[in-house]
Amino acid sequence: MTRDTPIDIAKSDVFSRCSDVRFRTVVDEAVVLRQEAAEVLVLNEVGGRILELLDGERSVSDIADAVSAEFEVDESMAATETASFIAELRDAGIVSLPVESSK
Amino acid sequence: MSFRGVVVKTWNENQLFSVLVELTYRCNWDCYFCYNDLSLRGTPLSKEQYVELFEELAHMQVMNLVLSGGEPLAHPDFLELGAKARDLGFVVRIKTNAHALRGRLAERVREEIDPFLVEVSLHGASAQTHDRQTRVAGSFDRLLANLEEAKRLGLRIKINSTLTRWNEAEVRGMFEVADRLELPIQFDPEVSPRDDGDRSPLDISPSSSGLRHLLAVERERAERHQETEREKAVREVARQDSELMAGGGSDQHCGAGSSGLAIDPFGNVYPCVQWRRAIGNLHDRKLGELWRGNPRLDEVRRLSRAAKDTVREAGENGWAMAFCPGAAETHTGSPLEIYDAARRRMELVGESIERESTRALPVLES
């Protein structure tokens, strides 16, 4: 995925996977199916871990911290990359904000 | 990595990815050519055993769970088990005749299971032909009504049809039924013997002219791009573990016993729904134990590699056989021997390719 629009995600946002999304970690890759569109995406290990953490309970900031710790990435870089990746997942219809907390 | 690449990797690394569960052999239809072995006896798996199995499969990162039968909706715990599968994050597919898929039950399937796909069987373009195969009067009209209703509820549906001598003259009409309903349809061009080896279903195997006709109609539709992109996507994802996905990249012919398994109502575990060579029983051992270090599975995987040679040695159109080691074993006793239906299919597809290239020649020369 590549991104050419500004990241409009707050650190406190709490995303969750859309209800039609199914995913599994298969031989180090995350296979994601969007049932409604019959679309399959394959994410690398870090992407798969972020998707797993998008459980409707953790904030973007919590997830960035986890990525930084688990993959030994600089905190600032983890925060930027995680937010960017979550924005891509949101644009692809894989995650969303709960209605009451969406901006 | 592409999805296809992941599927190939599951084959190569023996990562279980898809499991088909035959919940029951009970059925409200009585199809003439049903492949189930209805004489099979044993202790059915309990609801608790299914729950334990599903939890184990989720832990093993199995992605696809197919609920089949018989008629899976006839299982008393179908909704509860389907909902459990959904909660565990499986991509759930249901193979059903859809006879009971109506009213509150259809709503509950949508709400509580939210399957990726409901695969239903259509056996003809007319009540006369369809009902002749199902041996249930009114099943055709009820199927069409139920499909309309299921679509309205937002269930994603795919039609599966087996080409037979009885319906081969209605192929075009069957495509038209699917088009009217705006549903994808896929034909299986061969009738299988029953799982106990009984060959009587082959009495209604399609004729060569019937198979030629199907190939012609399929080609004609492909040229007209008569399938929508979404219908095509559904078909592609649905056949993710078929031999067509892999082709190159793996030294195995298919994912039987390496990325896929099938389980009958009595807990017998097989490499594939078509390869009825039991590798163990869930009443004796858990699935994870059967999966690891099982010499019977090792043998299946070795045979799958050898089947690749069978196809290669059949010549340049060998792929067109859609060779299935399981079907080969049922037909001939050997998983590596080319069976009549596969050979005929290869010959007819070869003819079709030759006709196409001849037809294209004047264009190429102009």
# chains A, B, ... in the order shown; residues from 1 in each chain; ligands from 1

call {"tool": "residues_around", "arguments": {"residues": "stretch 301-307 of chain B", "least_positions_apart": "6", "cutoff": "12 Å", "atoms": "only C-alpha atoms", "output": "JSON, numbers by chain"}}
result
{"B": [11, 12, 13, 14, 243, 250, 251, 252, 253, 254, 255, 256, 257, 258, 259, 260, 271, 272, 275, 279, 294, 295, 313, 314, 318, 319, 321, 322, 323, 324, 325, 326, 327, 328, 329, 334, 335, 336, 337, 338]}

call {"tool": "residues_around", "arguments": {"residues": "stretch 69-81 of chain A", "least_positions_apart": "3", "cutoff": "10 Å", "atoms": "only C-alpha atoms", "output": "list in words"}}
result
Ile7, Lys11, Glu45, Val46, Arg49, Val60, Ser61, Asp62, Ile63, Ala64, Asp65, Ala66, Ser84, Phe85, Ile86 and Ala87 of chain A

call {"tool": "write_last_selection", "arguments": {"atoms": "N, CA, C and O atoms", "output": "PDB file, in the first residue's frame"}}
result
ATOM      1  N   ILE A   7      -2.377  12.192   6.730  1.00  0.00           N
ATOM      2  CA  ILE A   7      -2.945  11.240   7.689  1.00  0.00           C
ATOM      3  C   ILE A   7      -3.866  11.995   8.645  1.00  0.00           C
ATOM      4  O   ILE A   7      -3.430  12.868   9.377  1.00  0.00           O
ATOM      5  N   LYS A  11      -4.157  10.183  17.721  1.00  0.00           N
ATOM      6  CA  LYS A  11      -3.511   9.145  18.531  1.00  0.00           C
ATOM      7  C   LYS A  11      -4.516   8.431  19.430  1.00  0.00           C
ATOM      8  O   LYS A  11      -4.346   7.275  19.789  1.00  0.00           O
ATOM      9  N   GLU A  45       4.206  -9.332   8.279  1.00  0.00           N
ATOM     10  CA  GLU A  45       4.075  -9.681   9.692  1.00  0.00           C
ATOM     11  C   GLU A  45       3.674  -8.469  10.545  1.00  0.00           C
ATOM     12  O   GLU A  45       2.795  -8.558  11.407  1.00  0.00           O
ATOM     13  N   VAL A  46       4.293  -7.313  10.269  1.00  0.00           N
ATOM     14  CA  VAL A  46       3.987  -6.119  11.074  1.00  0.00           C
ATOM     15  C   VAL A  46       2.546  -5.670  10.795  1.00  0.00           C
ATOM     16  O   VAL A  46       1.778  -5.366  11.721  1.00  0.00           O
ATOM     17  N   ARG A  49       0.154  -7.867  12.534  1.00  0.00           N
ATOM     18  CA  ARG A  49       0.108  -7.636  13.985  1.00  0.00           C
ATOM     19  C   ARG A  49      -0.724  -6.386  14.291  1.00  0.00           C
ATOM     20  O   ARG A  49      -1.509  -6.377  15.244  1.00  0.00           O
ATOM     21  N   VAL A  60      -4.776   4.195  18.744  1.00  0.00           N
ATOM     22  CA  VAL A  60      -3.693   4.227  17.765  1.00  0.00           C
ATOM     23  C   VAL A  60      -2.358   4.341  18.504  1.00  0.00           C
ATOM     24  O   VAL A  60      -1.357   3.692  18.153  1.00  0.00           O
ATOM     25  N   SER A  61      -2.340   5.136  19.538  1.00  0.00           N
ATOM     26  CA  SER A  61      -1.118   5.336  20.320  1.00  0.00           C
ATOM     27  C   SER A  61      -0.678   4.038  21.013  1.00  0.00           C
ATOM     28  O   SER A  61       0.500   3.683  21.006  1.00  0.00           O
ATOM     29  N   ASP A  62      -1.645   3.303  21.575  1.00  0.00           N
ATOM     30  CA  ASP A  62      -1.322   2.014  22.217  1.00  0.00           C
ATOM     31  C   ASP A  62      -0.689   1.063  21.194  1.00  0.00           C
ATOM     32  O   ASP A  62       0.273   0.351  21.500  1.00  0.00           O
ATOM     33  N   ILE A  63      -1.257   1.072  20.014  1.00  0.00           N
ATOM     34  CA  ILE A  63      -0.779   0.126  18.986  1.00  0.00           C
ATOM     35  C   ILE A  63       0.622   0.518  18.526  1.00  0.00           C
ATOM     36  O   ILE A  63       1.503  -0.338  18.359  1.00  0.00           O
ATOM     37  N   ALA A  64       0.835   1.817  18.363  1.00  0.00           N
ATOM     38  CA  ALA A  64       2.171   2.281  17.957  1.00  0.00           C
ATOM     39  C   ALA A  64       3.208   1.886  19.015  1.00  0.00           C
ATOM     40  O   ALA A  64       4.317   1.451  18.675  1.00  0.00           O
ATOM     41  N   ASP A  65       2.848   1.998  20.268  1.00  0.00           N
ATOM     42  CA  ASP A  65       3.764   1.605  21.346  1.00  0.00           C
ATOM     43  C   ASP A  65       4.088   0.109  21.262  1.00  0.00           C
ATOM     44  O   ASP A  65       5.236  -0.304  21.440  1.00  0.00           O
ATOM     45  N   ALA A  66       3.049  -0.673  20.996  1.00  0.00           N
ATOM     46  CA  ALA A  66       3.256  -2.117  20.896  1.00  0.00           C
ATOM     47  C   ALA A  66       4.168  -2.446  19.711  1.00  0.00           C
ATOM     48  O   ALA A  66       5.068  -3.294  19.814  1.00  0.00           O
ATOM     49  N   SER A  84      -0.177   5.876   9.600  1.00  0.00           N
ATOM     50  CA  SER A  84      -0.317   5.857   8.133  1.00  0.00           C
ATOM     51  C   SER A  84      -0.946   4.537   7.669  1.00  0.00           C
ATOM     52  O   SER A  84      -1.846   4.509   6.830  1.00  0.00           O
ATOM     53  N   PHE A  85      -0.466   3.444   8.265  1.00  0.00           N
ATOM     54  CA  PHE A  85      -0.972   2.135   7.858  1.00  0.00           C
ATOM     55  C   PHE A  85      -2.451   1.969   8.245  1.00  0.00           C
ATOM     56  O   PHE A  85      -3.259   1.451   7.468  1.00  0.00           O
ATOM     57  N   ILE A  86      -2.785   2.449   9.440  1.00  0.00           N
ATOM     58  CA  ILE A  86      -4.188   2.344   9.870  1.00  0.00           C
ATOM     59  C   ILE A  86      -5.085   3.184   8.953  1.00  0.00           C
ATOM     60  O   ILE A  86      -6.206   2.774   8.611  1.00  0.00           O
ATOM     61  N   ALA A  87      -4.580   4.314   8.519  1.00  0.00           N
ATOM     62  CA  ALA A  87      -5.365   5.139   7.588  1.00  0.00           C
ATOM     63  C   ALA A  87      -5.609   4.376   6.279  1.00  0.00           C
ATOM     64  O   ALA A  87      -6.701   4.440   5.699  1.00  0.00           O
TER      65      ALA A  87
END

call {"tool": "residues_around", "arguments": {"residues": "stretch 117-126 of chain B", "least_positions_apart": "5", "cutoff": "9 Å", "atoms": "only C-alpha atoms", "output": "ChimeraX atom specification"}}
result
/A:35 /B:91-98,131-134,140-141,143,147,155-164,166-168,170-177,234,238

call {"tool": "closest_residue", "arguments": {"among": "A:Asn44, A:Ser96, A:Thr82, A:Ser68", "to": "A:Phe15", "atoms": "only C-alpha atoms"}}
result
A:Ser96

call {"tool": "residues_around", "arguments": {"residues": "stretch 40-42 of chain A", "least_positions_apart": "2", "cutoff": "10 Å", "atoms": "only C-alpha atoms", "output": "CSV table (one decimal) with N, CA, C and O atoms, in the first residue's frame"}}
result
chain,number,residue,atom,x,y,z
A,21,VAL,N,-14.8,-8.4,7.9
A,21,VAL,CA,-13.4,-8.7,7.7
A,21,VAL,C,-13.0,-10.0,8.4
A,21,VAL,O,-13.4,-10.2,9.6
A,22,ARG,N,-12.3,-10.9,7.7
A,22,ARG,CA,-11.8,-12.1,8.4
A,22,ARG,C,-10.3,-12.2,8.1
A,22,ARG,O,-9.9,-11.8,7.0
A,23,PHE,N,-9.5,-12.6,9.1
A,23,PHE,CA,-8.1,-12.7,8.8
A,23,PHE,C,-7.4,-13.8,9.6
A,23,PHE,O,-7.9,-14.1,10.7
A,24,ARG,N,-6.4,-14.3,9.1
A,24,ARG,CA,-5.6,-15.3,9.8
A,24,ARG,C,-4.1,-15.0,9.4
A,24,ARG,O,-3.8,-14.5,8.4
A,25,THR,N,-3.2,-15.4,10.3
A,25,THR,CA,-1.8,-15.4,10.1
A,25,THR,C,-1.4,-16.7,9.5
A,25,THR,O,-1.4,-17.7,10.2
A,26,VAL,N,-1.0,-16.7,8.2
A,26,VAL,CA,-0.7,-17.9,7.5
A,26,VAL,C,0.8,-17.9,7.1
A,26,VAL,O,1.1,-17.0,6.3
A,29,GLU,N,2.4,-14.5,7.0
A,29,GLU,CA,1.7,-13.4,6.3
A,29,GLU,C,0.3,-13.4,6.8
A,29,GLU,O,-0.3,-14.4,7.2
A,30,ALA,N,-0.3,-12.2,6.9
A,30,ALA,CA,-1.7,-12.1,7.3
A,30,ALA,C,-2.6,-12.1,6.0
A,30,ALA,O,-2.4,-11.2,5.2
A,31,VAL,N,-3.5,-13.0,6.0
A,31,VAL,CA,-4.4,-13.1,4.8
A,31,VAL,C,-5.7,-12.4,5.3
A,31,VAL,O,-6.3,-12.9,6.3
A,32,VAL,N,-6.1,-11.4,4.6
A,32,VAL,CA,-7.3,-10.7,5.0
A,32,VAL,C,-8.4,-10.8,3.9
A,32,VAL,O,-8.1,-10.6,2.7
A,33,LEU,N,-9.6,-11.2,4.3
A,33,LEU,CA,-10.7,-11.2,3.3
A,33,LEU,C,-11.8,-10.2,3.7
A,33,LEU,O,-12.2,-10.2,4.9
A,34,ARG,N,-12.1,-9.4,2.8
A,34,ARG,CA,-13.3,-8.5,2.9
A,34,ARG,C,-14.4,-9.3,2.3
A,34,ARG,O,-14.5,-9.4,1.1
A,35,GLN,N,-15.3,-9.8,3.1
A,35,GLN,CA,-16.3,-10.7,2.6
A,35,GLN,C,-17.3,-10.0,1.6
A,35,GLN,O,-17.6,-10.6,0.6
A,37,ALA,N,-16.8,-7.6,-0.5
A,37,ALA,CA,-16.3,-7.3,-1.8
A,37,ALA,C,-15.6,-8.6,-2.4
A,37,ALA,O,-15.1,-8.5,-3.5
A,38,ALA,N,-15.5,-9.6,-1.6
A,38,ALA,CA,-14.7,-10.8,-2.0
A,38,ALA,C,-13.3,-10.4,-2.4
A,38,ALA,O,-12.7,-10.9,-3.4
A,44,ASN,N,2.2,-8.1,5.5
A,44,ASN,CA,3.4,-8.7,6.1
A,44,ASN,C,3.2,-8.9,7.6
A,44,ASN,O,2.1,-8.5,8.1
A,45,GLU,N,4.2,-9.3,8.3
A,45,GLU,CA,4.1,-9.7,9.7
A,45,GLU,C,3.7,-8.5,10.5
A,45,GLU,O,2.8,-8.6,11.4
A,47,GLY,N,2.2,-5.7,9.5
A,47,GLY,CA,0.8,-5.3,9.1
A,47,GLY,C,-0.2,-6.2,9.8
A,47,GLY,O,-1.2,-5.7,10.3
A,48,GLY,N,0.1,-7.5,9.8
A,48,GLY,CA,-0.8,-8.4,10.4
A,48,GLY,C,-1.0,-8.2,11.9
A,48,GLY,O,-2.1,-8.3,12.4
A,92,ALA,N,-9.3,1.3,2.9
A,92,ALA,CA,-9.6,0.1,2.2
A,92,ALA,C,-10.9,-0.6,2.7
A,92,ALA,O,-11.2,-1.7,2.2
A,94,ILE,N,-11.3,-1.9,5.8
A,94,ILE,CA,-10.9,-3.0,6.6
A,94,ILE,C,-11.2,-2.7,8.1
A,94,ILE,O,-11.5,-3.5,8.9
B,1,MET,N,3.5,-10.4,-0.9
B,1,MET,CA,3.2,-11.7,-1.5
B,1,MET,C,1.7,-11.7,-2.0
B,1,MET,O,0.9,-11.1,-1.3
B,2,SER,N,1.5,-12.3,-3.1
B,2,SER,CA,0.1,-12.4,-3.6
B,2,SER,C,-0.7,-13.5,-2.8
B,2,SER,O,-0.1,-14.4,-2.2
B,3,PHE,N,-2.0,-13.5,-2.9
B,3,PHE,CA,-2.8,-14.5,-2.3
B,3,PHE,C,-2.5,-15.9,-2.8
B,3,PHE,O,-2.4,-16.9,-2.1
B,4,ARG,N,-2.3,-15.9,-4.1
B,4,ARG,CA,-1.9,-17.2,-4.8
B,4,ARG,C,-0.6,-17.7,-4.2
B,4,ARG,O,-0.5,-18.9,-3.9
B,5,GLY,N,0.3,-16.8,-4.0
B,5,GLY,CA,1.6,-17.2,-3.4
B,5,GLY,C,1.4,-17.8,-2.0
B,5,GLY,O,2.1,-18.8,-1.6
B,6,VAL,N,0.5,-17.2,-1.2
B,6,VAL,CA,0.2,-17.7,0.1
B,6,VAL,C,-0.4,-19.1,0.0
B,6,VAL,O,0.0,-20.0,0.8
B,233,ALA,N,-14.9,-12.4,-8.9
B,233,ALA,CA,-14.1,-12.4,-7.7
B,233,ALA,C,-14.6,-13.5,-6.7
B,233,ALA,O,-13.8,-14.2,-6.1
B,237,VAL,N,-12.2,-16.4,-5.3
B,237,VAL,CA,-11.8,-16.6,-3.9
B,237,VAL,C,-12.3,-18.0,-3.5
B,237,VAL,O,-11.7,-18.7,-2.7

call {"tool": "select_by_dssp", "arguments": {"residues": "stretch 163-198 of chain B", "states": "strand (DSSP E or B)", "output": "JSON, numbers by chain"}}
result
{"B": [185, 186, 187, 188]}

call {"tool": "write_last_selection", "arguments": {"atoms": "N, CA, C and O atoms", "output": "short mmCIF file (atom, residue, chain, number, x, y, z; two decimals), in the first residue's frame"}}
result
data_model
loop_
_atom_site.label_atom_id
_atom_site.label_comp_id
_atom_site.auth_asym_id
_atom_site.auth_seq_id
_atom_site.Cartn_x
_atom_site.Cartn_y
_atom_site.Cartn_z
N ILE B 185 -22.31 -18.91 -11.33
CA ILE B 185 -22.60 -20.35 -11.44
C ILE B 185 -21.35 -21.06 -11.93
O ILE B 185 -20.60 -20.52 -12.75
N GLN B 186 -21.12 -22.22 -11.38
CA GLN B 186 -19.96 -23.01 -11.79
C GLN B 186 -20.38 -24.45 -11.99
O GLN B 186 -21.06 -25.03 -11.14
N PHE B 187 -19.96 -25.01 -13.13
CA PHE B 187 -20.31 -26.40 -13.43
C PHE B 187 -19.18 -27.34 -13.06
O PHE B 187 -18.01 -27.04 -13.30
N ASP B 188 -19.56 -28.48 -12.49
CA ASP B 188 -18.63 -29.59 -12.35
C ASP B 188 -18.97 -30.51 -13.52
O ASP B 188 -20.09 -31.01 -13.61
#

call {"tool": "closest_residue", "arguments": {"among": "B:Asp77, B:Asp30, B:Asp114, B:Glu22", "to": "chain A", "atoms": "only C-alpha atoms"}}
result
B:Asp114

call {"tool": "atom_distance", "arguments": {"atom1": "atom CA of B:Leu215", "atom2": "atom CA of B:Met346"}}
result
11.7 Å

call {"tool": "residues_around", "arguments": {"residues": "B:Phe266", "least_positions_apart": "6", "cutoff": "12 Å", "atoms": "only C-alpha atoms", "output": "number ranges by chain"}}
result
B: 21-25, 37-38, 40-46, 49-50, 69, 278, 280-284

call {"tool": "write_last_selection", "arguments": {"atoms": "N, CA, C and O atoms", "output": "PDB file, in the first residue's frame"}}
result
ATOM      1  N   VAL B  21     -16.233 -29.698   6.733  1.00  0.00           N
ATOM      2  CA  VAL B  21     -16.856 -30.534   7.766  1.00  0.00           C
ATOM      3  C   VAL B  21     -18.228 -30.992   7.273  1.00  0.00           C
ATOM      4  O   VAL B  21     -19.115 -30.166   7.029  1.00  0.00           O
ATOM      5  N   GLU B  22     -18.374 -32.290   7.117  1.00  0.00           N
ATOM      6  CA  GLU B  22     -19.690 -32.852   6.763  1.00  0.00           C
ATOM      7  C   GLU B  22     -20.427 -33.084   8.077  1.00  0.00           C
ATOM      8  O   GLU B  22     -20.150 -34.047   8.788  1.00  0.00           O
ATOM      9  N   LEU B  23     -21.342 -32.172   8.402  1.00  0.00           N
ATOM     10  CA  LEU B  23     -21.979 -32.218   9.723  1.00  0.00           C
ATOM     11  C   LEU B  23     -22.914 -33.411   9.867  1.00  0.00           C
ATOM     12  O   LEU B  23     -23.084 -33.959  10.954  1.00  0.00           O
ATOM     13  N   THR B  24     -23.575 -33.760   8.797  1.00  0.00           N
ATOM     14  CA  THR B  24     -24.546 -34.863   8.845  1.00  0.00           C
ATOM     15  C   THR B  24     -24.765 -35.386   7.430  1.00  0.00           C
ATOM     16  O   THR B  24     -24.549 -34.661   6.459  1.00  0.00           O
ATOM     17  N   TYR B  25     -25.180 -36.637   7.321  1.00  0.00           N
ATOM     18  CA  TYR B  25     -25.576 -37.145   6.002  1.00  0.00           C
ATOM     19  C   TYR B  25     -27.096 -37.100   5.820  1.00  0.00           C
ATOM     20  O   TYR B  25     -27.621 -37.535   4.799  1.00  0.00           O
ATOM     21  N   ASP B  37     -21.665 -41.665   1.241  1.00  0.00           N
ATOM     22  CA  ASP B  37     -21.820 -43.082   1.563  1.00  0.00           C
ATOM     23  C   ASP B  37     -22.838 -43.187   2.691  1.00  0.00           C
ATOM     24  O   ASP B  37     -22.491 -43.080   3.875  1.00  0.00           O
ATOM     25  N   LEU B  38     -24.090 -43.406   2.334  1.00  0.00           N
ATOM     26  CA  LEU B  38     -25.162 -43.383   3.333  1.00  0.00           C
ATOM     27  C   LEU B  38     -25.178 -44.641   4.202  1.00  0.00           C
ATOM     28  O   LEU B  38     -25.918 -44.720   5.176  1.00  0.00           O
ATOM     29  N   LEU B  40     -22.471 -45.644   5.712  1.00  0.00           N
ATOM     30  CA  LEU B  40     -21.410 -45.464   6.711  1.00  0.00           C
ATOM     31  C   LEU B  40     -22.013 -45.333   8.106  1.00  0.00           C
ATOM     32  O   LEU B  40     -23.005 -44.619   8.300  1.00  0.00           O
ATOM     33  N   ARG B  41     -21.443 -46.030   9.061  1.00  0.00           N
ATOM     34  CA  ARG B  41     -21.958 -45.993  10.425  1.00  0.00           C
ATOM     35  C   ARG B  41     -20.852 -45.577  11.386  1.00  0.00           C
ATOM     36  O   ARG B  41     -19.673 -45.760  11.117  1.00  0.00           O
ATOM     37  N   GLY B  42     -21.243 -45.040  12.510  1.00  0.00           N
ATOM     38  CA  GLY B  42     -20.271 -44.638  13.514  1.00  0.00           C
ATOM     39  C   GLY B  42     -20.956 -43.758  14.541  1.00  0.00           C
ATOM     40  O   GLY B  42     -22.164 -43.535  14.474  1.00  0.00           O
ATOM     41  N   THR B  43     -20.172 -43.240  15.468  1.00  0.00           N
ATOM     42  CA  THR B  43     -20.719 -42.332  16.476  1.00  0.00           C
ATOM     43  C   THR B  43     -20.556 -40.906  15.974  1.00  0.00           C
ATOM     44  O   THR B  43     -19.427 -40.461  15.745  1.00  0.00           O
ATOM     45  N   PRO B  44     -21.677 -40.204  15.785  1.00  0.00           N
ATOM     46  CA  PRO B  44     -21.547 -38.826  15.298  1.00  0.00           C
ATOM     47  C   PRO B  44     -20.776 -37.975  16.296  1.00  0.00           C
ATOM     48  O   PRO B  44     -20.864 -38.188  17.511  1.00  0.00           O
ATOM     49  N   LEU B  45     -20.037 -37.001  15.790  1.00  0.00           N
ATOM     50  CA  LEU B  45     -19.351 -36.059  16.672  1.00  0.00           C
ATOM     51  C   LEU B  45     -20.401 -35.257  17.429  1.00  0.00           C
ATOM     52  O   LEU B  45     -21.436 -34.885  16.872  1.00  0.00           O
ATOM     53  N   SER B  46     -20.138 -35.005  18.699  1.00  0.00           N
ATOM     54  CA  SER B  46     -21.093 -34.230  19.497  1.00  0.00           C
ATOM     55  C   SER B  46     -20.854 -32.738  19.283  1.00  0.00           C
ATOM     56  O   SER B  46     -19.823 -32.334  18.747  1.00  0.00           O
ATOM     57  N   GLN B  49     -17.680 -31.762  20.832  1.00  0.00           N
ATOM     58  CA  GLN B  49     -16.498 -32.145  20.039  1.00  0.00           C
ATOM     59  C   GLN B  49     -16.293 -31.182  18.872  1.00  0.00           C
ATOM     60  O   GLN B  49     -15.162 -30.845  18.530  1.00  0.00           O
ATOM     61  N   TYR B  50     -17.392 -30.751  18.250  1.00  0.00           N
ATOM     62  CA  TYR B  50     -17.251 -29.778  17.151  1.00  0.00           C
ATOM     63  C   TYR B  50     -16.678 -28.452  17.674  1.00  0.00           C
ATOM     64  O   TYR B  50     -15.808 -27.851  17.046  1.00  0.00           O
ATOM     65  N   GLY B  69     -22.530 -31.375   4.015  1.00  0.00           N
ATOM     66  CA  GLY B  69     -23.305 -32.523   4.455  1.00  0.00           C
ATOM     67  C   GLY B  69     -23.154 -33.664   3.471  1.00  0.00           C
ATOM     68  O   GLY B  69     -22.094 -33.766   2.844  1.00  0.00           O
ATOM     69  N   ALA B 278      -9.051 -42.479   4.864  1.00  0.00           N
ATOM     70  CA  ALA B 278      -9.035 -41.915   6.223  1.00  0.00           C
ATOM     71  C   ALA B 278      -7.625 -41.876   6.792  1.00  0.00           C
ATOM     72  O   ALA B 278      -6.852 -42.825   6.626  1.00  0.00           O
ATOM     73  N   GLY B 280      -7.300 -40.917  10.074  1.00  0.00           N
ATOM     74  CA  GLY B 280      -7.505 -41.036  11.512  1.00  0.00           C
ATOM     75  C   GLY B 280      -8.932 -40.661  11.871  1.00  0.00           C
ATOM     76  O   GLY B 280      -9.736 -40.337  10.982  1.00  0.00           O
ATOM     77  N   ASN B 281      -9.237 -40.732  13.173  1.00  0.00           N
ATOM     78  CA  ASN B 281     -10.594 -40.419  13.620  1.00  0.00           C
ATOM     79  C   ASN B 281     -10.538 -39.532  14.860  1.00  0.00           C
ATOM     80  O   ASN B 281      -9.732 -39.765  15.764  1.00  0.00           O
ATOM     81  N   LEU B 282     -11.406 -38.527  14.876  1.00  0.00           N
ATOM     82  CA  LEU B 282     -11.383 -37.543  15.960  1.00  0.00           C
ATOM     83  C   LEU B 282     -11.891 -38.104  17.285  1.00  0.00           C
ATOM     84  O   LEU B 282     -11.721 -37.475  18.320  1.00  0.00           O
ATOM     85  N   HIS B 283     -12.519 -39.262  17.266  1.00  0.00           N
ATOM     86  CA  HIS B 283     -12.891 -39.892  18.535  1.00  0.00           C
ATOM     87  C   HIS B 283     -11.645 -40.462  19.232  1.00  0.00           C
ATOM     88  O   HIS B 283     -11.652 -40.684  20.433  1.00  0.00           O
ATOM     89  N   ASP B 284     -10.611 -40.726  18.435  1.00  0.00           N
ATOM     90  CA  ASP B 284      -9.396 -41.330  18.996  1.00  0.00           C
ATOM     91  C   ASP B 284      -8.323 -40.288  19.311  1.00  0.00           C
ATOM     92  O   ASP B 284      -7.611 -40.410  20.299  1.00  0.00           O
TER      93      ASP B 284
END

call {"tool": "residues_around", "arguments": {"residues": "A:Asp55", "least_positions_apart": "6", "cutoff": "10 Å", "atoms": "only C-alpha atoms", "output": "list in words"}}
result
Val14, Phe15, Ser16, Arg17, Cys18 and Val95 of chain A

call {"tool": "atom_distance", "arguments": {"atom1": "atom CA of B:Asn317", "atom2": "atom CA of B:Pro193"}}
result
24.5 Å
